[in-house]
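Engineer: PDB, C-alpha atoms, saved as protein35.pdb, coming up:
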ATOM      1  CA  MET A 258     113.837  84.073  79.232
ATOM      2  CA  ASP A 259     110.094  84.227  78.646
ATOM      3  CA  ILE A 260     109.792  80.537  79.485
ATOM      4  CA  VAL A 261     111.614  81.081  82.786
ATOM      5  CA  LEU A 262     109.199  83.894  83.683
ATOM      6  CA  VAL A 263     106.207  81.711  82.841
ATOM      7  CA  ILE A 264     107.580  78.828  84.920
ATOM      8  CA  ALA A 265     108.306  81.222  87.812
ATOM      9  CA  ARG A 266     104.792  82.678  87.634
ATOM     10  CA  VAL A 267     103.216  79.227  87.688
ATOM     11  CA  LEU A 268     105.430  77.992  90.534
ATOM     12  CA  PHE A 269     104.620  81.060  92.617
ATOM     13  CA  ALA A 270     100.898  80.828  91.849
ATOM     14  CA  LEU A 271     100.425  77.105  92.508
ATOM     15  CA  ILE A 272     100.237  77.428  96.297
ATOM     16  CA  PHE A 273      97.523  80.083  95.995
ATOM     17  CA  ILE A 274      95.506  78.237  93.362
ATOM     18  CA  SER A 275      95.661  75.043  95.426
ATOM     19  CA  SER A 276      94.826  76.837  98.679
ATOM     20  CA  GLY A 277      91.999  78.780  97.041
ATOM     21  CA  VAL A 278      90.433  75.552  95.786
ATOM     22  CA  SER A 279      90.823  74.041  99.281
ATOM     23  CA  HIS A 280      89.160  77.067 100.879
ATOM     24  CA  LEU A 281      86.111  76.484  98.695
ATOM     25  CA  THR A 282      85.977  72.669  98.618
ATOM     26  CA  LYS A 283      86.763  72.190 102.320
ATOM     27  CA  LEU A 284      84.696  75.143 103.468
ATOM     28  CA  GLU A 285      83.413  73.668 106.728
ATOM     29  CA  ALA A 286      86.835  72.507 107.927
ATOM     30  CA  MET A 287      88.437  75.822 106.954
ATOM     31  CA  THR A 288      85.609  77.717 108.667
ATOM     32  CA  GLY A 289      86.103  75.689 111.842
ATOM     33  CA  TYR A 290      89.809  76.519 111.865
ATOM     34  CA  ALA A 291      89.074  80.200 111.193
ATOM     35  CA  LYS A 292      86.637  80.217 114.133
ATOM     36  CA  TYR A 293      89.298  78.593 116.321
ATOM     37  CA  LYS A 294      91.661  81.422 115.330
ATOM     38  CA  LYS A 295      88.884  83.943 116.116
ATOM     39  CA  VAL A 296      88.595  85.287 112.575
ATOM     40  CA  PRO A 297      85.568  87.589 112.325
ATOM     41  CA  ALA A 298      82.747  86.371 110.044
ATOM     42  CA  ALA A 299      84.684  83.124 109.637
ATOM     43  CA  LYS A 300      82.681  81.473 106.843
ATOM     44  CA  PHE A 301      82.443  84.657 104.781
ATOM     45  CA  SER A 302      86.157  85.311 105.375
ATOM     46  CA  VAL A 303      87.071  81.812 104.182
ATOM     47  CA  VAL A 304      85.001  82.169 101.003
ATOM     48  CA  LEU A 305      86.278  85.689 100.289
ATOM     49  CA  SER A 306      89.911  84.810 100.955
ATOM     50  CA  GLY A 307      89.596  81.615  98.915
ATOM     51  CA  LEU A 308      88.298  83.569  95.934
ATOM     52  CA  MET A 309      90.998  86.237  96.358
ATOM     53  CA  ILE A 310      93.878  83.770  96.294
ATOM     54  CA  LEU A 311      92.367  81.541  93.614
ATOM     55  CA  VAL A 312      91.739  84.459  91.260
ATOM     56  CA  GLY A 313      95.040  86.110  92.191
ATOM     57  CA  GLY A 314      96.960  82.911  91.543
ATOM     58  CA  LEU A 315      95.247  82.323  88.203
ATOM     59  CA  TYR A 316      95.859  85.936  87.139
ATOM     60  CA  ILE A 317      99.568  85.597  87.887
ATOM     61  CA  ALA A 318      99.941  82.130  86.343
ATOM     62  CA  PHE A 319      98.213  83.110  83.099
ATOM     63  CA  GLY A 320      99.542  86.653  82.935
ATOM     64  CA  VAL A 321      96.033  88.097  83.018
ATOM     65  CA  TYR A 322      96.241  91.328  84.992
ATOM     66  CA  ALA A 323      99.085  89.811  87.019
ATOM     67  CA  ASP A 324      99.457  93.100  88.891
ATOM     68  CA  LEU A 325      95.909  92.783  90.219
ATOM     69  CA  GLY A 326      96.645  89.141  91.052
ATOM     70  CA  GLY A 327      99.687  90.159  93.075
ATOM     71  CA  LEU A 328      97.690  92.807  94.902
ATOM     72  CA  LEU A 329      94.892  90.338  95.749
ATOM     73  CA  ILE A 330      97.404  87.862  97.134
ATOM     74  CA  ALA A 331      99.219  90.511  99.191
ATOM     75  CA  LEU A 332      95.889  91.751 100.572
ATOM     76  CA  PHE A 333      95.156  88.185 101.665
ATOM     77  CA  LEU A 334      98.587  87.410 103.127
ATOM     78  CA  LEU A 335      99.212  90.480 105.255
ATOM     79  CA  PRO A 336      96.190  90.153 107.569
ATOM     80  CA  THR A 337      96.470  86.359 107.449
ATOM     81  CA  ALA A 338      99.987  86.508 108.878
ATOM     82  CA  PHE A 339      98.716  88.391 111.926
ATOM     83  CA  LEU A 340      95.355  86.639 112.356
ATOM     84  CA  MET A 341      96.370  83.053 111.714
ATOM     85  CA  HIS A 342     100.032  82.928 112.785
ATOM     86  CA  ALA A 343     100.253  84.996 115.974
ATOM     87  CA  PHE A 344     103.357  83.218 117.244
ATOM     88  CA  TRP A 345     103.811  85.787 120.024
ATOM     89  CA  LYS A 346     100.658  84.406 121.703
ATOM     90  CA  GLU A 347     101.954  80.831 121.832
ATOM     91  CA  THR A 348     103.520  79.372 124.957
ATOM     92  CA  ASP A 349     104.377  75.903 123.643
ATOM     93  CA  PRO A 350     107.814  76.107 121.955
ATOM     94  CA  THR A 351     106.853  73.831 119.047
ATOM     95  CA  ALA A 352     103.613  75.704 118.359
ATOM     96  CA  LYS A 353     105.483  79.023 118.660
ATOM     97  CA  GLN A 354     108.093  77.875 116.120
ATOM     98  CA  ASN A 355     105.456  76.578 113.684
ATOM     99  CA  GLU A 356     103.427  79.790 113.891
ATOM    100  CA  SER A 357     106.592  81.866 113.511
ATOM    101  CA  ILE A 358     107.459  79.985 110.329
ATOM    102  CA  GLY A 359     103.930  80.537 108.985
ATOM    103  CA  PHE A 360     104.013  84.216 109.922
ATOM    104  CA  PHE A 361     107.293  84.971 108.187
ATOM    105  CA  LYS A 362     106.367  82.775 105.184
ATOM    106  CA  ASP A 363     103.219  84.837 104.722
ATOM    107  CA  LEU A 364     105.140  88.110 105.020
ATOM    108  CA  SER A 365     107.765  86.920 102.561
ATOM    109  CA  LEU A 366     105.163  85.768 100.019
ATOM    110  CA  ALA A 367     103.306  89.073 100.484
ATOM    111  CA  GLY A 368     106.563  90.858  99.634
ATOM    112  CA  ALA A 369     106.955  88.771  96.481
ATOM    113  CA  ALA A 370     103.324  89.451  95.527
ATOM    114  CA  LEU A 371     103.884  93.195  95.993
ATOM    115  CA  ILE A 372     106.999  92.977  93.803
ATOM    116  CA  ILE A 373     104.837  91.365  91.094
ATOM    117  CA  PHE A 374     102.250  94.111  91.567
ATOM    118  CA  VAL A 375     104.820  96.891  91.150
ATOM    119  CA  LEU A 376     106.772  95.307  88.286
ATOM    120  CA  VAL A 377     103.726  94.518  86.181
ATOM    121  CA  SER A 378     101.946  97.794  86.916
ATOM    122  CA  THR A 379     105.026  99.779  85.845
ATOM    123  CA  GLY A 380     105.316  97.894  82.567
ATOM    124  CA  THR A 381     108.246  95.601  83.352
ATOM    125  CA  ASP A 382     108.310  92.519  81.121
ATOM    126  CA  PHE A 383     106.640  89.697  82.996
ATOM    127  CA  GLY A 384     106.673  87.198  80.171
ATOM    128  CA  PRO A 385     103.898  86.352  77.726
ATOM    129  CA  SER A 386     100.610  87.912  78.721
ATOM    130  CA  ILE A 387      97.188  88.186  77.179
ATOM    131  CA  THR A 388      96.514  91.503  78.915
ATOM    132  CA  GLY A 389      98.430  94.580  79.879
ATOM    133  CA  ALA A 390      98.730  96.043  83.337
ATOM    134  CA  PHE A 391      95.510  96.712  85.198
ATOM    135  CA  PHE A 392      97.116  99.512  87.182
ATOM    136  CA  ASN A 393      99.267 102.240  85.708
ATOM    137  CA  LEU A 394     101.710 103.440  88.343
TER     138      LEU A 394
END
For this file, produce the structure as structure tokens.
Structural biologist:
Amino acid sequence: MDIVLVIARVLFALIFISSGVSHLTKLEAMTGYAKYKKVPAAKFSVVLSGLMILVGGLYIAFGVYADLGGLLIALFLLPTAFLMHAFWKETDPTAKQNESIGFFKDLSLAGAALIIFVLVSTGTDFGPSITGAFFNL
């Protein structure tokens, strides 16, 4: 089952690793979108969030303090759901549906990240790891 856990970790982490790299390599475009969404300190927020999800994704994928990785990702996703996917503000039905999907996707992934945080920090087997838990709940 270790191989299944490793595959699951990598599959979960890929979206965050990829998005983190995009935050940093497409900084101006991401900053423009963040400004459009009225994110405070847009450029700083893009860099900070990019680093959070990149590091969090790598931590989970490699099993290096995966609990901290899960926490970083959850701390990114929860405010992002509300700041970037405020479907309740949309009047166009298509835009409302798309933002609703993004909102609930972010909440769902935040839930999964928090599950990783709790499981790893309480010592549950999370597959091969080169570190132990960062937190000790």
Engineer: For a quick check of understanding, using all atoms listed in the file, which of A:Asn393, A:Ser365, A:Thr288, A:Ser275 has the smallest distance to Ser378 (chain A)?
Structural biologist: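 With all atoms listed in the file as the atom set, the closest residue is A:Asn393.
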Engineer: Rounded to one decimal place, report the CA of Leu315 (chain A)-CA of Ala270 (chain A) distance in Å.
Structural biologist: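 It comes out at 6.9 Å.
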Engineer: For a quick check of understanding, using only C-alpha atoms, which of A:Ile372, A:Val304, A:Ile330, A:Ala352 has the smallest distance to Tyr316 (chain A)?
Structural biologist: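 Distance minimum relative to Tyr316 (chain A) lands on A:Ile330.
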Engineer: Do a neighbour search on Phe344 (chain A) at 7 Å with all atoms listed in the file, toss out local chain neighbours closer than 5 positions, and write the hits as a list in words.
Structural biologist: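 Near neighbours after the sequence-gap exclusion: Lys353, Glu356 and Ser357 of chain A.
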Engineer: Suppose a student applies the PyMOL selection byres ((chain A and resi 305) around 12) to this structure; what residues should they get, written as a list of chain:residue names?
Structural biologist: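 Applied to this file, the PyMOL selection byres ((chain A and resi 305) around 12) returns A:Gly277, A:Val278, A:His280, A:Leu281, A:Leu284, A:Thr288, A:Ala298, A:Ala299, A:Lys300, A:Phe301, A:Ser302, A:Val303, A:Val304, A:Ser306, A:Gly307, A:Leu308, A:Met309, A:Ile310, A:Leu311, A:Val312, A:Gly313, A:Leu329, A:Ile330, A:Leu332, A:Phe333.
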Engineer: What separation in Å, quoted to one decimal, exists between CA of Asp324 (chain A) and CA of Val261 (chain A)?
Structural biologist: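 Computing the Euclidean distance for CA of Asp324 (chain A) and CA of Val261 (chain A) yields 18.2 Å.
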Engineer: Would you compute the box with edges along x, y and z of the file around region 340-353 of chain A, including every atom the file lists for it and 5 Å extra on each side, and give its centre and edge lengths in Å to one decimal, as AutoDock Vina command-line options?
Structural biologist:
--center_x 101.6 --center_y 80.2 --center_z 118.3 --size_x 22.5 --size_y 22.8 --size_z 23.2
Engineer: Do you know which residues are at most 9 Å from Lys295 (chain A) counting only C-alpha atoms, after dropping those on the same chain fewer than 4 positions away, and could you put them as a PDB file with C-alpha atoms, in the coordinates of the input?
Structural biologist:
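Written output follows (result06.pdb):
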ATOM      1  CA  TYR A 290      89.809  76.519 111.865  1.00  0.00           C
ATOM      2  CA  ALA A 291      89.074  80.200 111.193  1.00  0.00           C
ATOM      3  CA  ALA A 299      84.684  83.124 109.637  1.00  0.00           C
ATOM      4  CA  LEU A 340      95.355  86.639 112.356  1.00  0.00           C
ATOM      5  CA  MET A 341      96.370  83.053 111.714  1.00  0.00           C
TER       6      MET A 341
END
Engineer: I'd like the interatomic distance between CA of Leu371 (chain A) and CA of Ala331 (chain A), to a tenth of an Å.
Structural biologist: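 Here the two named atoms are 6.3 Å from each other.
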Engineer: Pick the closest to Gly327 (chain A) from A:Val296, A:Ser279, A:Gly314, A:Ile264: which is it, counting all atoms listed in the file?
Structural biologist: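 Ranking A:Val296, A:Ser279, A:Gly314, A:Ile264 by distance to Gly327 (chain A), first place goes to A:Gly314.
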Engineer: Write out as JSON, numbers by chain which residues come within 9 Å of Asp363 (chain A) when counting all atoms listed in the file, dropping same-chain ones fewer than 4 positions away.
Structural biologist: {"A": [331, 334, 335, 337, 338, 342, 358, 359, 367, 368]}
Engineer: Please tabulate, as CSV, the residues of region 318-339 of chain A that come within 9 Å of region 382-386 of chain A, each with its closest pair of atoms and the distance in Å to one decimal, counting only C-alpha atoms and ordering rows by chain, then residue number upward.
Structural biologist:
residue,atom,partner,partner_atom,distance
A:Phe319,CA,A:Ser386,CA,6.9
A:Gly320,CA,A:Ser386,CA,4.5
A:Val321,CA,A:Ser386,CA,6.3
A:Tyr322,CA,A:Ser386,CA,8.4
A:Ala323,CA,A:Phe383,CA,8.6
